[in-house]
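J.: So I've got this file, query.cif, and it contains mmCIF, C-alpha atoms and all ligand atoms; chains and numbers go by the auth columns:
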```cif
data_model
loop_
_atom_site.group_PDB
_atom_site.id
_atom_site.type_symbol
_atom_site.label_atom_id
_atom_site.label_comp_id
_atom_site.label_asym_id
_atom_site.label_seq_id
_atom_site.Cartn_x
_atom_site.Cartn_y
_atom_site.Cartn_z
_atom_site.B_iso_or_equiv
_atom_site.auth_seq_id
_atom_site.auth_asym_id
ATOM 1 C CA MET A 1 -15.404 19.718 30.521 0.00 74 A
ATOM 2 C CA MET A 2 -13.704 19.398 27.158 0.00 75 A
ATOM 3 C CA ASN A 3 -13.532 22.464 24.995 0.00 76 A
ATOM 4 C CA ALA A 4 -14.848 22.238 21.454 0.00 77 A
ATOM 5 C CA PRO A 5 -11.958 21.798 19.003 0.00 78 A
ATOM 6 C CA ALA A 6 -10.742 24.974 17.341 0.00 79 A
ATOM 7 C CA THR A 7 -11.737 25.437 13.708 0.00 80 A
ATOM 8 C CA VAL A 8 -8.807 26.385 11.523 0.00 81 A
ATOM 9 C CA THR A 9 -8.366 27.421 7.934 0.00 82 A
ATOM 10 C CA PHE A 10 -4.822 26.084 7.473 0.00 83 A
ATOM 11 C CA ASN A 11 -3.476 22.556 7.402 0.00 84 A
ATOM 12 C CA PRO A 12 -0.487 22.089 9.742 0.00 85 A
ATOM 13 C CA CYS A 13 0.298 18.734 8.101 0.00 86 A
ATOM 14 C CA LEU A 14 1.623 20.505 5.006 0.00 87 A
ATOM 15 C CA ASP A 15 4.673 21.728 6.876 0.00 88 A
ATOM 16 C CA CYS A 16 5.041 18.662 9.091 0.00 89 A
ATOM 17 C CA GLY A 17 4.900 15.057 7.794 0.00 90 A
ATOM 18 C CA ALA A 18 6.237 13.698 11.088 0.00 91 A
ATOM 19 C CA CYS A 19 3.677 10.886 11.366 0.00 92 A
ATOM 20 C CA CYS A 20 4.679 9.649 7.892 0.00 93 A
ATOM 21 C CA ALA A 21 8.246 9.311 9.164 0.00 94 A
ATOM 22 C CA SER A 22 7.747 7.825 12.639 0.00 95 A
ATOM 23 C CA PHE A 23 5.753 4.613 12.563 0.00 96 A
ATOM 24 C CA ARG A 24 5.244 1.415 10.622 0.00 97 A
ATOM 25 C CA VAL A 25 2.129 2.090 8.545 0.00 98 A
ATOM 26 C CA SER A 26 0.515 -1.337 8.250 0.00 99 A
ATOM 27 C CA PHE A 27 -2.891 -2.395 6.997 0.00 100 A
ATOM 28 C CA TYR A 28 -4.888 -5.400 5.832 0.00 101 A
ATOM 29 C CA TRP A 29 -3.153 -6.494 2.647 0.00 102 A
ATOM 30 C CA ALA A 30 -6.265 -6.366 0.441 0.00 103 A
ATOM 31 C CA GLU A 31 -6.392 -2.577 0.859 0.00 104 A
ATOM 32 C CA ALA A 32 -3.365 -2.309 -1.395 0.00 105 A
ATOM 33 C CA ASP A 33 -5.248 -3.865 -4.323 0.00 106 A
ATOM 34 C CA SER A 34 -8.533 -2.136 -3.669 0.00 107 A
ATOM 35 C CA LEU A 35 -6.829 1.258 -3.511 0.00 108 A
ATOM 36 C CA GLY A 36 -4.576 0.528 -6.475 0.00 109 A
ATOM 37 C CA LEU A 37 -1.371 1.166 -4.551 0.00 110 A
ATOM 38 C CA PRO A 38 1.743 0.693 -6.703 0.00 111 A
ATOM 39 C CA ALA A 39 3.527 -2.570 -5.842 0.00 112 A
ATOM 40 C CA ALA A 40 6.764 -0.669 -5.216 0.00 113 A
ATOM 41 C CA MET A 41 5.065 1.303 -2.442 0.00 114 A
ATOM 42 C CA VAL A 42 3.898 -1.788 -0.547 0.00 115 A
ATOM 43 C CA GLN A 43 5.817 -4.318 1.531 0.00 116 A
ATOM 44 C CA GLN A 44 4.079 -7.578 2.401 0.00 117 A
ATOM 45 C CA LEU A 45 4.594 -8.338 6.114 0.00 118 A
ATOM 46 C CA THR A 46 2.530 -11.479 6.636 0.00 119 A
ATOM 47 C CA PRO A 47 -0.008 -13.310 4.454 0.00 120 A
ATOM 48 C CA TRP A 48 -2.592 -10.835 5.798 0.00 121 A
ATOM 49 C CA HIS A 49 -0.739 -7.620 6.455 0.00 122 A
ATOM 50 C CA ALA A 50 1.261 -5.187 4.379 0.00 123 A
ATOM 51 C CA CYS A 51 2.849 -1.840 5.118 0.00 124 A
ATOM 52 C CA LEU A 52 3.886 1.194 3.166 0.00 125 A
ATOM 53 C CA ALA A 53 7.398 0.867 1.768 0.00 126 A
ATOM 54 C CA GLY A 54 9.957 2.602 3.920 0.00 127 A
ATOM 55 C CA THR A 55 7.990 2.376 7.147 0.00 128 A
ATOM 56 C CA ASN A 56 9.209 -1.054 8.305 0.00 129 A
ATOM 57 C CA GLN A 57 12.644 0.035 9.449 0.00 130 A
ATOM 58 C CA PRO A 58 14.269 1.557 12.549 0.00 131 A
ATOM 59 C CA ALA A 59 13.979 5.083 11.153 0.00 132 A
ATOM 60 C CA PRO A 60 10.694 4.847 9.248 0.00 133 A
ATOM 61 C CA ARG A 61 9.898 7.162 6.381 0.00 134 A
ATOM 62 C CA CYS A 62 7.118 6.393 3.964 0.00 135 A
ATOM 63 C CA GLN A 63 8.406 6.376 0.409 0.00 136 A
ATOM 64 C CA ALA A 64 5.352 8.333 -0.662 0.00 137 A
ATOM 65 C CA LEU A 65 6.368 11.287 1.511 0.00 138 A
ATOM 66 C CA VAL A 66 7.844 14.085 -0.575 0.00 139 A
ATOM 67 C CA GLY A 67 9.768 16.974 0.943 0.00 140 A
ATOM 68 C CA GLU A 68 11.443 17.761 4.248 0.00 141 A
ATOM 69 C CA VAL A 69 9.800 16.793 7.549 0.00 142 A
ATOM 70 C CA GLY A 70 9.037 19.906 9.567 0.00 143 A
ATOM 71 C CA GLN A 71 9.460 22.148 6.526 0.00 144 A
ATOM 72 C CA SER A 72 7.256 21.424 3.545 0.00 145 A
ATOM 73 C CA VAL A 73 5.810 18.040 2.601 0.00 146 A
ATOM 74 C CA SER A 74 3.247 16.339 0.442 0.00 147 A
ATOM 75 C CA CYS A 75 1.981 12.790 -0.044 0.00 148 A
ATOM 76 C CA SER A 76 2.437 11.373 -3.527 0.00 149 A
ATOM 77 C CA LEU A 77 -0.271 8.768 -2.759 0.00 150 A
ATOM 78 C CA TYR A 78 -2.753 11.137 -1.160 0.00 151 A
ATOM 79 C CA ALA A 79 -5.824 9.928 -3.066 0.00 152 A
ATOM 80 C CA GLN A 80 -4.881 6.268 -2.504 0.00 153 A
ATOM 81 C CA ARG A 81 -3.442 6.435 1.004 0.00 154 A
ATOM 82 C CA PRO A 82 -4.498 3.467 3.172 0.00 155 A
ATOM 83 C CA SER A 83 -6.658 3.557 6.285 0.00 156 A
ATOM 84 C CA PRO A 84 -3.963 4.273 8.924 0.00 157 A
ATOM 85 C CA CYS A 85 -3.147 7.505 7.085 0.00 158 A
ATOM 86 C CA HIS A 86 -6.748 8.650 7.563 0.00 159 A
ATOM 87 C CA GLU A 87 -6.749 7.850 11.255 0.00 160 A
ATOM 88 C CA VAL A 88 -4.043 10.191 12.549 0.00 161 A
ATOM 89 C CA GLN A 89 -5.492 13.608 13.309 0.00 162 A
ATOM 90 C CA ALA A 90 -3.487 16.762 13.828 0.00 163 A
ATOM 91 C CA GLY A 91 -3.132 17.250 17.567 0.00 164 A
ATOM 92 C CA ASP A 92 -3.997 13.686 18.635 0.00 165 A
ATOM 93 C CA ALA A 93 -1.730 11.368 20.625 0.00 166 A
ATOM 94 C CA GLN A 94 -0.066 9.814 17.539 0.00 167 A
ATOM 95 C CA CYS A 95 0.539 13.259 16.138 0.00 168 A
ATOM 96 C CA ARG A 96 2.106 14.485 19.367 0.00 169 A
ATOM 97 C CA LYS A 97 4.338 11.421 19.569 0.00 170 A
ATOM 98 C CA ALA A 98 5.483 11.791 15.958 0.00 171 A
ATOM 99 C CA ARG A 99 6.133 15.510 16.251 0.00 172 A
ATOM 100 C CA HIS A 100 8.070 14.982 19.472 0.00 173 A
ATOM 101 C CA LYS A 101 10.274 12.413 17.691 0.00 174 A
ATOM 102 C CA HIS A 102 11.131 15.048 15.131 0.00 175 A
ATOM 103 C CA GLY A 103 11.674 17.842 17.622 0.00 176 A
ATOM 104 C CA LEU A 104 8.471 19.647 16.665 0.00 177 A
ATOM 105 C CA PRO A 105 6.153 21.223 19.238 0.00 178 A
ATOM 106 C CA ALA A 106 2.813 19.570 20.024 0.00 179 A
ATOM 107 C CA LEU A 107 -0.239 20.977 18.303 0.00 180 A
ATOM 108 C CA PRO A 108 -3.559 21.624 19.999 0.00 181 A
ATOM 109 C CA MET A 109 -6.347 19.240 18.930 0.00 182 A
ATOM 110 C CA LEU A 110 -7.584 20.717 15.669 0.00 183 A
ATOM 111 C CA ALA A 111 -10.703 20.242 13.576 0.00 184 A
ATOM 112 C CA LEU A 112 -9.668 19.985 9.941 0.00 185 A
ATOM 113 C CA SER A 113 -11.993 19.821 6.991 0.00 186 A
ATOM 114 C CA GLU A 114 -11.050 17.232 4.367 0.00 187 A
ATOM 115 C CA GLY A 115 -9.787 18.892 1.216 0.00 188 A
HETATM 116 S S1 LIG B . -1.095 14.585 11.789 0.00 201 B
HETATM 117 FE FE1 LIG B . 0.374 15.646 13.099 0.00 201 B
HETATM 118 S S2 LIG B . 2.306 14.538 12.843 0.00 201 B
HETATM 119 FE FE2 LIG B . 0.975 14.004 11.110 0.00 201 B
HETATM 120 S S3 LIG B . 1.529 15.451 9.485 0.00 201 B
HETATM 121 FE FE3 LIG B . -0.241 16.306 10.596 0.00 201 B
HETATM 122 S S4 LIG B . 0.655 17.659 12.126 0.00 201 B
HETATM 123 FE FE4 LIG B . 2.283 16.281 11.442 0.00 201 B
HETATM 124 S S1 LIG B . 0.892 7.308 2.176 0.00 202 B
HETATM 125 FE FE1 LIG B . 1.038 9.513 2.405 0.00 202 B
HETATM 126 S S2 LIG B . -0.127 9.985 4.267 0.00 202 B
HETATM 127 FE FE2 LIG B . 0.332 7.796 4.305 0.00 202 B
HETATM 128 S S3 LIG B . 2.254 7.588 5.479 0.00 202 B
HETATM 129 FE FE3 LIG B . 2.786 7.743 3.306 0.00 202 B
HETATM 130 S S4 LIG B . 3.201 9.920 2.931 0.00 202 B
HETATM 131 FE FE4 LIG B . 2.045 9.740 4.860 0.00 202 B
#
```
Starting from the file, lay out its structure as structure tokens.
Ligand code: SF4
Ligand code: SF4
T.:
Amino acid sequence: MMNAPATVTFNPCLDCGACCASFRVSFYWAEADSLGLPAAMVQQLTPWHACLAGTNQPAPRCQALVGEVGQSVSCSLYAQRPSPCHEVQAGDAQCRKARHKHGLPALPMLALSEG
């Protein structure tokens, strides 16, 4: 039986940022306009898909990520971040993969309240 996720009062993402510096963050191109993303933060990949600038390279790092991965980070596009940024949850498989890439220990699956 699965245990209920732990409820926490801190946000481990604030001293991590690994998932913003591990993967290509791509989305349906029209999201960029509807969210008002700055053109400089978006790279068009195909007629239908775009990604966040900086994430379409061998060592991805979103250009909106501010700070040092594994130390202290913030997202300069937090209010406008596209759908893939909402999907990763602290402690899930993507999170574990990203943290492993950056030499950070896996987190337990956490329940975070949106701030
Ligand atoms: S979801 Fe995981 S990998 Fe992404 S910033 Fe939060 S703790 Fe780090
Ligand atoms: S927009 Fe923000 S949350 Fe999304 S990948 Fe970039 S830094 Fe991370």
J.: Let me make sure I understand: among A:Leu180, A:Cys124, A:Leu118, A:Ala112, which one has the smallest atom-to-atom distance to Phe100 in chain A if we use all atoms listed in the file?
T.: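 Closest to Phe100 in chain A, using all atoms listed in the file: A:Cys124.
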J.: Hey, which of A:Arg154, A:Arg97, A:His122, A:Lys174 ends up closest to ligand LIG 202 (chain B)? Count all atoms listed in the file.
T.: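 Comparing A:Arg154, A:Arg97, A:His122, A:Lys174 against ligand LIG 202 (chain B), the winner is A:Arg154.
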J.: Name the residues that the PyMOL selection byres (((not hetatm)) within 9 of (chain B and resi 202)) pulls out of this structure, and write them as a PyMOL selection string.
T.: chain A and resi 90-94+96-98+114+125-128+134-139+146-159
J.: Enumerate residues in contact with ligand LIG 201 (chain B): an atom-to-atom distance of at most 10 Å, counting all atoms listed in the file. Format the result as a PDB file with C-alpha atoms, in the frame of the given file.
T.:
```
ATOM      1  CA  ASN A  84      -3.476  22.556   7.402  1.00  0.00           C
ATOM      2  CA  PRO A  85      -0.487  22.089   9.742  1.00  0.00           C
ATOM      3  CA  CYS A  86       0.298  18.734   8.101  1.00  0.00           C
ATOM      4  CA  LEU A  87       1.623  20.505   5.006  1.00  0.00           C
ATOM      5  CA  ASP A  88       4.673  21.728   6.876  1.00  0.00           C
ATOM      6  CA  CYS A  89       5.041  18.662   9.091  1.00  0.00           C
ATOM      7  CA  GLY A  90       4.900  15.057   7.794  1.00  0.00           C
ATOM      8  CA  ALA A  91       6.237  13.698  11.088  1.00  0.00           C
ATOM      9  CA  CYS A  92       3.677  10.886  11.366  1.00  0.00           C
ATOM     10  CA  CYS A  93       4.679   9.649   7.892  1.00  0.00           C
ATOM     11  CA  ALA A  94       8.246   9.311   9.164  1.00  0.00           C
ATOM     12  CA  SER A  95       7.747   7.825  12.639  1.00  0.00           C
ATOM     13  CA  VAL A 142       9.800  16.793   7.549  1.00  0.00           C
ATOM     14  CA  GLY A 143       9.037  19.906   9.567  1.00  0.00           C
ATOM     15  CA  VAL A 146       5.810  18.040   2.601  1.00  0.00           C
ATOM     16  CA  SER A 147       3.247  16.339   0.442  1.00  0.00           C
ATOM     17  CA  CYS A 148       1.981  12.790  -0.044  1.00  0.00           C
ATOM     18  CA  CYS A 158      -3.147   7.505   7.085  1.00  0.00           C
ATOM     19  CA  HIS A 159      -6.748   8.650   7.563  1.00  0.00           C
ATOM     20  CA  GLU A 160      -6.749   7.850  11.255  1.00  0.00           C
ATOM     21  CA  VAL A 161      -4.043  10.191  12.549  1.00  0.00           C
ATOM     22  CA  GLN A 162      -5.492  13.608  13.309  1.00  0.00           C
ATOM     23  CA  ALA A 163      -3.487  16.762  13.828  1.00  0.00           C
ATOM     24  CA  GLY A 164      -3.132  17.250  17.567  1.00  0.00           C
ATOM     25  CA  ASP A 165      -3.997  13.686  18.635  1.00  0.00           C
ATOM     26  CA  ALA A 166      -1.730  11.368  20.625  1.00  0.00           C
ATOM     27  CA  GLN A 167      -0.066   9.814  17.539  1.00  0.00           C
ATOM     28  CA  CYS A 168       0.539  13.259  16.138  1.00  0.00           C
ATOM     29  CA  ARG A 169       2.106  14.485  19.367  1.00  0.00           C
ATOM     30  CA  LYS A 170       4.338  11.421  19.569  1.00  0.00           C
ATOM     31  CA  ALA A 171       5.483  11.791  15.958  1.00  0.00           C
ATOM     32  CA  ARG A 172       6.133  15.510  16.251  1.00  0.00           C
ATOM     33  CA  HIS A 173       8.070  14.982  19.472  1.00  0.00           C
ATOM     34  CA  LYS A 174      10.274  12.413  17.691  1.00  0.00           C
ATOM     35  CA  HIS A 175      11.131  15.048  15.131  1.00  0.00           C
ATOM     36  CA  LEU A 177       8.471  19.647  16.665  1.00  0.00           C
ATOM     37  CA  PRO A 178       6.153  21.223  19.238  1.00  0.00           C
ATOM     38  CA  ALA A 179       2.813  19.570  20.024  1.00  0.00           C
ATOM     39  CA  LEU A 180      -0.239  20.977  18.303  1.00  0.00           C
ATOM     40  CA  PRO A 181      -3.559  21.624  19.999  1.00  0.00           C
ATOM     41  CA  MET A 182      -6.347  19.240  18.930  1.00  0.00           C
ATOM     42  CA  LEU A 183      -7.584  20.717  15.669  1.00  0.00           C
TER      43      LEU A 183
END
```
J.: For CA of Pro131 in chain A and CA of Gln116 in chain A, quote the distance in Å rounded to one decimal.
T.: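 Value for the CA of Pro131 in chain A-CA of Gln116 in chain A distance: 15.1 Å.
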J.: Would you mind reading off the distance between CA of Gly140 in chain A and CA of Ala123 in chain A, one decimal, in Å?
T.: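 Separating CA of Gly140 in chain A from CA of Ala123 in chain A is a distance of 24.0 Å.
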J.: CA of Ala113 in chain A and CA of Tyr101 in chain A are how many Å apart?
T.: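 The value is 16.7 Å.
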J.: Provide an axis-aligned box for all listed atoms of range 148-152 of chain A, padding each side by 5 Å; report its centre and its edge lengths in Å to one decimal, as JSON.
T.:
```
{"center_x": -1.7, "center_y": 10.8, "center_z": -1.8, "size_x": 18.3, "size_y": 14.0, "size_z": 13.5}
```
